[in-house]
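Undergrad: Just dropping this structure here.
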Amino acid sequence: MPLKTLDLFCGAGGSSAGARLAGAQIACAIDMSPIATATFKANFPAAKVITARLEDVDPTALRHEIGEIDILLASPECTNHSCAKGAAPRDEASRATAMQVVRFARAFEPRWLVLENVVHMRPWARYNELKVKLKALGYSMAEQILNASDFGVPQSRRRLFLVGDRNFEPGLVNVVREKKPMKARSILDNRSKWSMTPLFAPSRAKATIGRARRAIGTLGPRTGFLLVYYGTDGSGGWQPLNRPLRTVTTIDRFALVVRTSQGPKMRMLQVPELKRAMGFSDAFELPVGTRRERIRLLGNGVCPPVMRYVVAALVNSPRDR
């Protein structure tokens, strides 16, 4: 039978999309963002989808409504854990939303749970407390850091997966790097689909021109590349197309530069391209929201192929066969 699943902090549905590929049935999902829940409902029409803060949801009443579940998925707010926030002050109340996982696990008592977040969640002062409280509920816990590029996703995206099993030591993903990572160029639409503007336009920011000149100086004038905005990345603000895309974030971060008969031109990567970079299928819909809101959904999302492997490893542990 399909494994009934509850997805907390569900976002657009990346975790659920991956779990569904592993054989799960998505029973219910909760997120406070109306854009996220509308997107989720479009892709999981049979699921109950709740738009609310988790603190305002009674998990006991919800269990009476939807019944027992087998898997609890959760991707708590990550901005205040991420290094991408730089030196800005952290919102402890935001980080503490992760403790809602304990409340829902206590009420539903699912066999398995998966918590996904940025790697920088581990130094959080309450991270060990979170694990201790889940262990007190009867879960054996384990953690694993996985890079999406190892799972056929054309993006380098390292994330922490904290998994729990009430019956056995949880199964972990066996990462086998037999295939070469997919390249960033694999996500690109046909060149004629999107309009481009001259790279060296008078209005172009000096920093952008500087990044582009560094790339051209390395690759030569005939090779396309990606400009990487907003933050240092150790590579001069650009990347080649023959490597996985750098981590997709919640902001419009990447621009494609190509050589044309009119000189080098550029454009920002588009939502369908970023969706491919996250490992979503073409059938997955992003039907609502502005461009900025949809990019934010993707940047906050979970790569479905990775979650597919995580859930499969957890529920198909050899000890359960």
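Each chain of the structure tokens is named A, B, ... in the order shown, its residues numbered from 1; ligands are numbered from 1 in display order.
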Any idea what's packed within 6 Å of Gly138 of chain A, counting only C-alpha atoms, ignoring anything in its chain fewer than 2 positions away? Could you give it as a list of chain:residue names?
TA: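 What passes the distance filter is A:Lys135, A:Ala136, A:Arg166.
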Undergrad: Please dump the current selection as a PDB file, in the first residue's frame; keep N, CA and C atoms.
TA:
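The new file selection-v9.pdb reads:
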ATOM      1  N   LYS A 135      14.329  11.724  19.546  1.00  0.00           N
ATOM      2  CA  LYS A 135      14.744  10.429  20.095  1.00  0.00           C
ATOM      3  C   LYS A 135      13.857  10.036  21.275  1.00  0.00           C
ATOM      4  N   ALA A 136      13.437  11.030  22.061  1.00  0.00           N
ATOM      5  CA  ALA A 136      12.573  10.756  23.203  1.00  0.00           C
ATOM      6  C   ALA A 136      11.206  10.243  22.772  1.00  0.00           C
ATOM      7  N   ARG A 166      11.177   4.694  13.729  1.00  0.00           N
ATOM      8  CA  ARG A 166      10.733   4.270  15.053  1.00  0.00           C
ATOM      9  C   ARG A 166      11.070   2.806  15.348  1.00  0.00           C
TER      10      ARG A 166
END
Undergrad: Within segment 149-257 of chain A, find each residue whose DSSP state, derived from the backbone, is strand (DSSP E), and express the selection as a PyMOL selection string.
TA: chain A and resi 158-165+197-198+225-228+238-240+254-257
Undergrad: Which value, in Å to one decimal, gives the distance between atom CA of Pro110 of chain A and atom CA of Leu72 of chain A?
TA: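 Spanning atom CA of Pro110 of chain A to atom CA of Leu72 of chain A is a straight-line distance of 6.5 Å.
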Undergrad: Between atom CA of Pro304 of chain A and atom CA of Val248 of chain A, what is the distance, to one decimal in Å?
TA: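 Distance reported for this atom pair: 14.1 Å.
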Undergrad: Which distance in Å separates atom CA of Arg259 of chain A and atom CA of Arg296 of chain A, to one decimal?
TA: 29.4 Å
Undergrad: Between A:Phe44, A:Ala96, A:Thr39, A:Gly236, single out the one closest to Gly217 of chain A, counting only C-alpha atoms.
TA: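 Ranking A:Phe44, A:Ala96, A:Thr39, A:Gly236 by distance to Gly217 of chain A, first place goes to A:Gly236.
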Undergrad: Considering only C-alpha atoms, can you say which of A:Tyr139, A:Trp238, A:Phe280, A:Phe168 comes closest to Ile209 of chain A?
TA: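 The answer is A:Trp238, which sits nearest to Ile209 of chain A.
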Undergrad: Can you tell me, as a PyMOL selection string, what residues are no more than 7 Å from Gln144 of chain A when counting only C-alpha atoms, ignoring any on the same chain fewer than 5 positions away?
TA: chain A and resi 160-162
Undergrad: Could the residues in this selection be saved with N, CA and C atoms as a PDB file, in the first residue's frame?
TA:
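The file below, again-v6.pdb, is the result:
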ATOM      1  N   LEU A 160      21.257  19.198   4.212  1.00  0.00           N
ATOM      2  CA  LEU A 160      21.242  18.286   5.345  1.00  0.00           C
ATOM      3  C   LEU A 160      19.917  17.527   5.372  1.00  0.00           C
ATOM      4  N   PHE A 161      19.990  16.211   5.560  1.00  0.00           N
ATOM      5  CA  PHE A 161      18.800  15.390   5.730  1.00  0.00           C
ATOM      6  C   PHE A 161      18.914  14.663   7.067  1.00  0.00           C
ATOM      7  N   LEU A 162      18.003  14.991   7.970  1.00  0.00           N
ATOM      8  CA  LEU A 162      17.912  14.350   9.275  1.00  0.00           C
ATOM      9  C   LEU A 162      16.753  13.369   9.207  1.00  0.00           C
TER      10      LEU A 162
END
Undergrad: Taking only C-alpha atoms into account, which of A:Arg294, A:Phe284, A:Thr218, A:Phe200 comes nearest Val257 of chain A?
TA: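 Result for the nearest residue to Val257 of chain A: A:Phe200.
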Undergrad: Which residues are near segment 170-173 of chain A? Cut-off 12 Å, only C-alpha atoms, ignore same chain within fewer than 2 positions. Put them as JSON, numbers by chain.
TA: {"A": [111, 112, 113, 114, 139, 140, 141, 142, 143, 144, 145, 146, 147, 150, 151, 161, 162, 163, 164, 165, 166, 167, 168, 175, 176, 306, 307, 308, 309, 310, 311, 312, 313, 314, 315, 316, 317, 318, 319, 320]}
Undergrad: How about saving the chosen residues, N, CA and C atoms kept, as a short mmCIF file (atom, residue, chain, number, x, y, z; two decimals), in the first residue's frame?
TA:
data_model
loop_
_atom_site.label_atom_id
_atom_site.label_comp_id
_atom_site.auth_asym_id
_atom_site.auth_seq_id
_atom_site.Cartn_x
_atom_site.Cartn_y
_atom_site.Cartn_z
N ARG A 111 5.84 6.25 11.37
CA ARG A 111 6.97 5.32 11.42
C ARG A 111 8.28 6.04 11.07
N TRP A 112 8.23 6.88 10.02
CA TRP A 112 9.44 7.53 9.53
C TRP A 112 9.27 9.05 9.50
N LEU A 113 10.38 9.75 9.59
CA LEU A 113 10.36 11.19 9.39
C LEU A 113 11.64 11.63 8.66
N VAL A 114 11.49 12.71 7.89
CA VAL A 114 12.61 13.30 7.16
C VAL A 114 12.56 14.80 7.35
N TYR A 139 12.35 7.64 18.18
CA TYR A 139 13.01 7.57 16.88
C TYR A 139 14.50 7.33 17.02
N SER A 140 15.01 6.42 16.21
CA SER A 140 16.45 6.36 15.98
C SER A 140 16.75 7.39 14.89
N MET A 141 17.76 8.23 15.13
CA MET A 141 18.02 9.34 14.24
C MET A 141 19.38 9.21 13.57
N ALA A 142 19.46 9.71 12.35
CA ALA A 142 20.73 9.77 11.62
C ALA A 142 20.68 10.97 10.70
N GLU A 143 21.85 11.47 10.34
CA GLU A 143 21.89 12.61 9.44
C GLU A 143 22.85 12.34 8.30
N GLN A 144 22.60 13.02 7.19
CA GLN A 144 23.40 12.84 5.98
C GLN A 144 23.37 14.13 5.18
N ILE A 145 24.54 14.50 4.65
CA ILE A 145 24.62 15.67 3.77
C ILE A 145 24.73 15.16 2.34
N LEU A 146 23.82 15.60 1.50
CA LEU A 146 23.76 15.13 0.11
C LEU A 146 23.83 16.31 -0.84
N ASN A 147 24.49 16.09 -1.97
CA ASN A 147 24.60 17.11 -3.01
C ASN A 147 23.71 16.68 -4.17
N ASP A 150 24.80 14.79 -7.36
CA ASP A 150 25.07 13.35 -7.35
C ASP A 150 23.84 12.51 -7.70
N PHE A 151 22.72 13.19 -7.95
CA PHE A 151 21.46 12.47 -8.19
C PHE A 151 20.81 12.88 -9.51
N PHE A 161 19.99 16.21 5.56
CA PHE A 161 18.80 15.39 5.73
C PHE A 161 18.91 14.66 7.07
N LEU A 162 18.00 14.99 7.97
CA LEU A 162 17.91 14.35 9.27
C LEU A 162 16.75 13.37 9.21
N VAL A 163 17.03 12.08 9.35
CA VAL A 163 16.00 11.06 9.16
C VAL A 163 15.80 10.26 10.43
N GLY A 164 14.56 9.77 10.61
CA GLY A 164 14.24 9.01 11.80
C GLY A 164 13.38 7.80 11.47
N ASP A 165 13.56 6.74 12.26
CA ASP A 165 12.81 5.50 12.09
C ASP A 165 12.44 5.01 13.49
N ARG A 166 11.18 4.69 13.73
CA ARG A 166 10.73 4.27 15.05
C ARG A 166 11.07 2.81 15.35
N ASN A 167 11.39 2.02 14.30
CA ASN A 167 11.59 0.59 14.50
C ASN A 167 13.05 0.14 14.42
N PHE A 168 13.81 0.77 13.54
CA PHE A 168 15.19 0.36 13.30
C PHE A 168 16.09 1.58 13.16
N VAL A 175 25.49 6.83 -1.75
CA VAL A 175 25.83 7.72 -2.86
C VAL A 175 26.89 7.05 -3.73
N VAL A 176 26.55 6.77 -4.96
CA VAL A 176 27.47 6.15 -5.92
C VAL A 176 27.70 7.14 -7.06
N VAL A 306 16.49 14.04 -5.17
CA VAL A 306 17.22 13.74 -3.93
C VAL A 306 16.26 13.16 -2.89
N MET A 307 15.10 13.80 -2.73
CA MET A 307 14.14 13.30 -1.75
C MET A 307 13.64 11.91 -2.13
N ARG A 308 13.55 11.64 -3.40
CA ARG A 308 13.16 10.30 -3.83
C ARG A 308 14.12 9.26 -3.27
N TYR A 309 15.42 9.51 -3.38
CA TYR A 309 16.41 8.57 -2.88
C TYR A 309 16.38 8.50 -1.35
N VAL A 310 16.17 9.62 -0.70
CA VAL A 310 16.15 9.64 0.77
C VAL A 310 14.99 8.79 1.29
N VAL A 311 13.80 9.02 0.73
CA VAL A 311 12.63 8.27 1.18
C VAL A 311 12.77 6.79 0.85
N ALA A 312 13.25 6.48 -0.34
CA ALA A 312 13.42 5.08 -0.74
C ALA A 312 14.40 4.36 0.18
N ALA A 313 15.51 5.03 0.52
CA ALA A 313 16.50 4.41 1.41
C ALA A 313 15.92 4.19 2.80
N LEU A 314 15.07 5.11 3.23
CA LEU A 314 14.50 5.03 4.58
C LEU A 314 13.48 3.90 4.68
N VAL A 315 12.57 3.81 3.73
CA VAL A 315 11.47 2.85 3.85
C VAL A 315 11.82 1.48 3.29
N ASN A 316 12.90 1.39 2.52
CA ASN A 316 13.30 0.09 1.95
C ASN A 316 14.57 -0.44 2.60
N SER A 317 14.78 -0.09 3.85
CA SER A 317 15.94 -0.60 4.58
C SER A 317 15.93 -2.12 4.55
N PRO A 318 17.10 -2.76 4.33
CA PRO A 318 17.15 -4.23 4.26
C PRO A 318 16.54 -4.93 5.45
N ARG A 319 16.54 -4.27 6.61
CA ARG A 319 15.99 -4.91 7.81
C ARG A 319 14.48 -5.02 7.76
N ASP A 320 13.87 -4.30 6.79
CA ASP A 320 12.40 -4.32 6.70
C ASP A 320 11.92 -5.29 5.61
#
Undergrad: Closest to Ile35 of chain A among A:Pro305, A:Pro244, A:Gly13, A:Gly289, using only C-alpha atoms?
TA: A:Gly289
Undergrad: As a list in words, please: the residues near segment 21-31 of chain A (cut-off 7 Å, only C-alpha atoms, same-chain neighbours under 4 positions excluded).
TA: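 Residues meeting the cut-off are Pro2, Leu3, Lys4, Thr5, Leu6, Asp7, Leu8, Phe9, Cys10, Gly11, Ser16, Ala17, Ala36, Thr37, Ala47, Lys48, Val49, Ile50, Thr51, Ala52, Arg53, Arg308, Val311 and Ala312 of chain A.
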Undergrad: How would you write, as a CSV table (one decimal) with N, CA and C atoms, in the first residue's frame, the set of residues in segment 42-243 of chain A that DSSP gives as helix (DSSP H, G or I)?
TA:
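Everything below was put into selection.csv:
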chain,number,residue,atom,x,y,z
A,42,ALA,N,-2.1,22.6,-7.1
A,42,ALA,CA,-2.1,22.3,-8.5
A,42,ALA,C,-1.4,21.0,-8.9
A,43,ASN,N,-0.4,20.7,-8.1
A,43,ASN,CA,0.4,19.5,-8.4
A,43,ASN,C,0.0,18.2,-7.6
A,54,LEU,N,2.2,26.7,11.3
A,54,LEU,CA,2.1,25.4,12.0
A,54,LEU,C,1.7,25.6,13.4
A,55,GLU,N,2.1,26.7,14.0
A,55,GLU,CA,1.8,27.0,15.4
A,55,GLU,C,0.3,27.1,15.6
A,56,ASP,N,-0.5,27.4,14.5
A,56,ASP,CA,-1.9,27.6,14.6
A,56,ASP,C,-2.7,26.4,14.2
A,59,PRO,N,-2.4,19.5,15.7
A,59,PRO,CA,-2.0,18.3,15.0
A,59,PRO,C,-2.9,17.1,15.4
A,60,THR,N,-3.4,17.1,16.7
A,60,THR,CA,-4.3,16.1,17.1
A,60,THR,C,-5.6,16.1,16.3
A,61,ALA,N,-6.2,17.3,16.2
A,61,ALA,CA,-7.4,17.4,15.4
A,61,ALA,C,-7.2,17.0,13.9
A,62,LEU,N,-6.0,17.4,13.4
A,62,LEU,CA,-5.7,17.0,12.0
A,62,LEU,C,-5.6,15.5,11.9
A,63,ARG,N,-5.0,14.9,12.9
A,63,ARG,CA,-4.9,13.4,12.8
A,63,ARG,C,-6.3,12.8,12.7
A,64,HIS,N,-7.3,13.3,13.5
A,64,HIS,CA,-8.6,12.8,13.5
A,64,HIS,C,-9.2,13.0,12.1
A,65,GLU,N,-8.8,14.0,11.4
A,65,GLU,CA,-9.4,14.3,10.1
A,65,GLU,C,-8.8,13.5,9.0
A,66,ILE,N,-7.5,13.3,9.0
A,66,ILE,CA,-6.8,12.7,7.8
A,66,ILE,C,-6.4,11.3,8.2
A,83,CYS,N,24.1,30.5,5.4
A,83,CYS,CA,25.2,31.5,5.3
A,83,CYS,C,24.9,32.6,4.3
A,84,ALA,N,23.9,32.4,3.4
A,84,ALA,CA,23.6,33.4,2.5
A,84,ALA,C,23.1,34.6,3.1
A,85,LYS,N,22.7,34.6,4.4
A,85,LYS,CA,22.2,35.8,5.1
A,85,LYS,C,23.4,36.6,5.5
A,92,GLU,N,15.6,34.2,15.8
A,92,GLU,CA,15.5,33.0,16.6
A,92,GLU,C,14.1,32.4,16.5
A,93,ALA,N,13.1,33.2,16.5
A,93,ALA,CA,11.7,32.7,16.4
A,93,ALA,C,11.5,31.9,15.1
A,94,SER,N,12.1,32.5,14.0
A,94,SER,CA,12.0,31.8,12.8
A,94,SER,C,12.7,30.4,12.8
A,95,ARG,N,13.9,30.4,13.4
A,95,ARG,CA,14.6,29.1,13.4
A,95,ARG,C,13.9,28.1,14.3
A,96,ALA,N,13.2,28.6,15.3
A,96,ALA,CA,12.5,27.7,16.3
A,96,ALA,C,11.3,27.1,15.7
A,97,THR,N,10.9,27.5,14.5
A,97,THR,CA,9.8,26.8,13.8
A,97,THR,C,10.1,25.3,13.6
A,98,ALA,N,11.4,25.0,13.5
A,98,ALA,CA,11.8,23.6,13.3
A,98,ALA,C,11.3,22.7,14.5
A,99,MET,N,11.0,23.3,15.6
A,99,MET,CA,10.6,22.5,16.8
A,99,MET,C,9.1,22.0,16.6
A,100,GLN,N,8.4,22.6,15.6
A,100,GLN,CA,7.1,22.1,15.3
A,100,GLN,C,7.1,20.7,14.8
A,101,VAL,N,8.2,20.3,14.3
A,101,VAL,CA,8.3,18.9,13.8
A,101,VAL,C,8.1,17.9,15.0
A,102,VAL,N,8.6,18.3,16.2
A,102,VAL,CA,8.4,17.5,17.4
A,102,VAL,C,6.9,17.4,17.7
A,103,ARG,N,6.2,18.5,17.7
A,103,ARG,CA,4.8,18.5,18.1
A,103,ARG,C,4.0,17.6,17.1
A,104,PHE,N,4.3,17.7,15.8
A,104,PHE,CA,3.5,16.9,14.9
A,104,PHE,C,3.9,15.4,14.9
A,105,ALA,N,5.2,15.2,15.2
A,105,ALA,CA,5.6,13.8,15.3
A,105,ALA,C,5.0,13.1,16.6
A,106,ARG,N,4.8,13.9,17.6
A,106,ARG,CA,4.2,13.4,18.9
A,106,ARG,C,2.8,13.0,18.6
A,107,ALA,N,2.1,13.9,17.9
A,107,ALA,CA,0.6,13.7,17.7
A,107,ALA,C,0.3,12.6,16.7
A,108,PHE,N,1.1,12.5,15.6
A,108,PHE,CA,0.9,11.5,14.5
A,108,PHE,C,1.6,10.2,14.7
A,119,VAL,N,22.8,23.0,5.3
A,119,VAL,CA,23.9,22.4,6.2
A,119,VAL,C,24.1,23.2,7.4
A,120,HIS,N,24.0,24.5,7.3
A,120,HIS,CA,24.3,25.4,8.4
A,120,HIS,C,23.2,25.4,9.5
A,121,MET,N,22.3,24.4,9.4
A,121,MET,CA,21.4,24.2,10.5
A,121,MET,C,22.1,23.5,11.7
A,127,TYR,N,19.8,22.6,17.7
A,127,TYR,CA,19.7,21.5,16.8
A,127,TYR,C,19.8,20.2,17.6
A,128,ASN,N,20.7,20.1,18.6
A,128,ASN,CA,20.8,18.9,19.4
A,128,ASN,C,19.6,18.6,20.2
A,129,GLU,N,19.0,19.7,20.7
A,129,GLU,CA,17.7,19.6,21.4
A,129,GLU,C,16.6,19.0,20.6
A,130,LEU,N,16.6,19.4,19.3
A,130,LEU,CA,15.6,18.9,18.4
A,130,LEU,C,15.8,17.4,18.2
A,131,LYS,N,17.0,17.0,18.0
A,131,LYS,CA,17.3,15.5,17.9
A,131,LYS,C,17.0,14.8,19.2
A,132,VAL,N,17.3,15.3,20.3
A,132,VAL,CA,17.1,14.7,21.6
A,132,VAL,C,15.5,14.5,21.8
A,133,LYS,N,14.8,15.5,21.4
A,133,LYS,CA,13.3,15.4,21.6
A,133,LYS,C,12.7,14.4,20.7
A,134,LEU,N,13.2,14.3,19.5
A,134,LEU,CA,12.7,13.2,18.5
A,134,LEU,C,13.1,11.9,19.0
A,135,LYS,N,14.3,11.7,19.5
A,135,LYS,CA,14.7,10.4,20.1
A,135,LYS,C,13.9,10.0,21.3
A,136,ALA,N,13.4,11.0,22.1
A,136,ALA,CA,12.6,10.8,23.2
A,136,ALA,C,11.2,10.2,22.8
A,148,ALA,N,22.8,17.6,-4.6
A,148,ALA,CA,21.9,17.2,-5.7
A,148,ALA,C,22.6,16.8,-6.9
A,149,SER,N,23.8,17.3,-7.2
A,149,SER,CA,24.5,17.0,-8.4
A,149,SER,C,24.8,15.5,-8.5
A,150,ASP,N,24.8,14.8,-7.4
A,150,ASP,CA,25.1,13.4,-7.3
A,150,ASP,C,23.8,12.5,-7.7
A,151,PHE,N,22.7,13.2,-7.9
A,151,PHE,CA,21.5,12.5,-8.2
A,151,PHE,C,20.8,12.9,-9.5
A,184,ALA,N,25.3,22.6,-16.6
A,184,ALA,CA,24.3,23.7,-16.6
A,184,ALA,C,23.7,23.9,-17.9
A,185,ARG,N,24.4,23.7,-19.0
A,185,ARG,CA,23.9,23.9,-20.3
A,185,ARG,C,22.6,23.0,-20.6
A,186,SER,N,22.5,21.9,-19.9
A,186,SER,CA,21.4,21.0,-20.1
A,186,SER,C,20.0,21.6,-19.7
A,187,ILE,N,20.0,22.7,-18.9
A,187,ILE,CA,18.8,23.3,-18.5
A,187,ILE,C,18.3,24.4,-19.5
A,191,ARG,N,17.9,29.1,-27.8
A,191,ARG,CA,18.4,30.5,-27.8
A,191,ARG,C,17.4,31.5,-28.3
A,192,SER,N,16.5,31.0,-29.3
A,192,SER,CA,15.6,32.0,-29.8
A,192,SER,C,14.3,32.2,-29.0
A,193,LYS,N,14.2,31.4,-27.9
A,193,LYS,CA,12.9,31.5,-27.1
A,193,LYS,C,12.9,32.8,-26.3
A,206,LYS,N,29.0,48.3,-13.7
A,206,LYS,CA,30.4,48.1,-13.9
A,206,LYS,C,30.8,46.7,-13.3
A,207,ALA,N,30.2,46.3,-12.2
A,207,ALA,CA,30.5,45.0,-11.6
A,207,ALA,C,30.1,43.9,-12.5
A,208,THR,N,29.0,44.0,-13.2
A,208,THR,CA,28.6,43.0,-14.2
A,208,THR,C,29.6,42.9,-15.3
A,209,ILE,N,30.0,44.1,-15.8
A,209,ILE,CA,31.0,44.1,-16.9
A,209,ILE,C,32.3,43.4,-16.5
A,210,GLY,N,32.7,43.7,-15.2
A,210,GLY,CA,33.9,43.2,-14.7
A,210,GLY,C,33.9,41.7,-14.6
A,211,ARG,N,32.7,41.1,-14.2
A,211,ARG,CA,32.6,39.7,-14.1
A,211,ARG,C,32.7,39.1,-15.5
A,212,ALA,N,32.0,39.7,-16.5
A,212,ALA,CA,32.0,39.2,-17.8
A,212,ALA,C,33.4,39.2,-18.4
A,213,ARG,N,34.1,40.3,-18.2
A,213,ARG,CA,35.5,40.4,-18.8
A,213,ARG,C,36.4,39.3,-18.2
A,214,ARG,N,36.2,39.0,-16.9
A,214,ARG,CA,37.0,37.9,-16.3
A,214,ARG,C,36.7,36.6,-17.0
A,215,ALA,N,35.4,36.3,-17.2
A,215,ALA,CA,35.0,35.1,-17.9
A,215,ALA,C,35.5,35.0,-19.3
A,216,ILE,N,35.4,36.1,-20.0
A,216,ILE,CA,35.9,36.1,-21.4
A,216,ILE,C,37.4,35.9,-21.5
A,217,GLY,N,38.1,36.5,-20.5
A,217,GLY,CA,39.5,36.4,-20.4
A,217,GLY,C,40.0,35.0,-20.2
A,218,THR,N,39.1,34.2,-19.5
A,218,THR,CA,39.5,32.8,-19.2
A,218,THR,C,39.0,31.9,-20.3
A,219,LEU,N,37.8,32.1,-20.8
A,219,LEU,CA,37.2,31.1,-21.8
A,219,LEU,C,37.5,31.5,-23.2
Undergrad: Taking only C-alpha atoms into account, name the residue in A:Ala19, A:Leu245, A:Ala255, A:Val118 that is nearest to Leu269 of chain A.
TA: A:Ala255
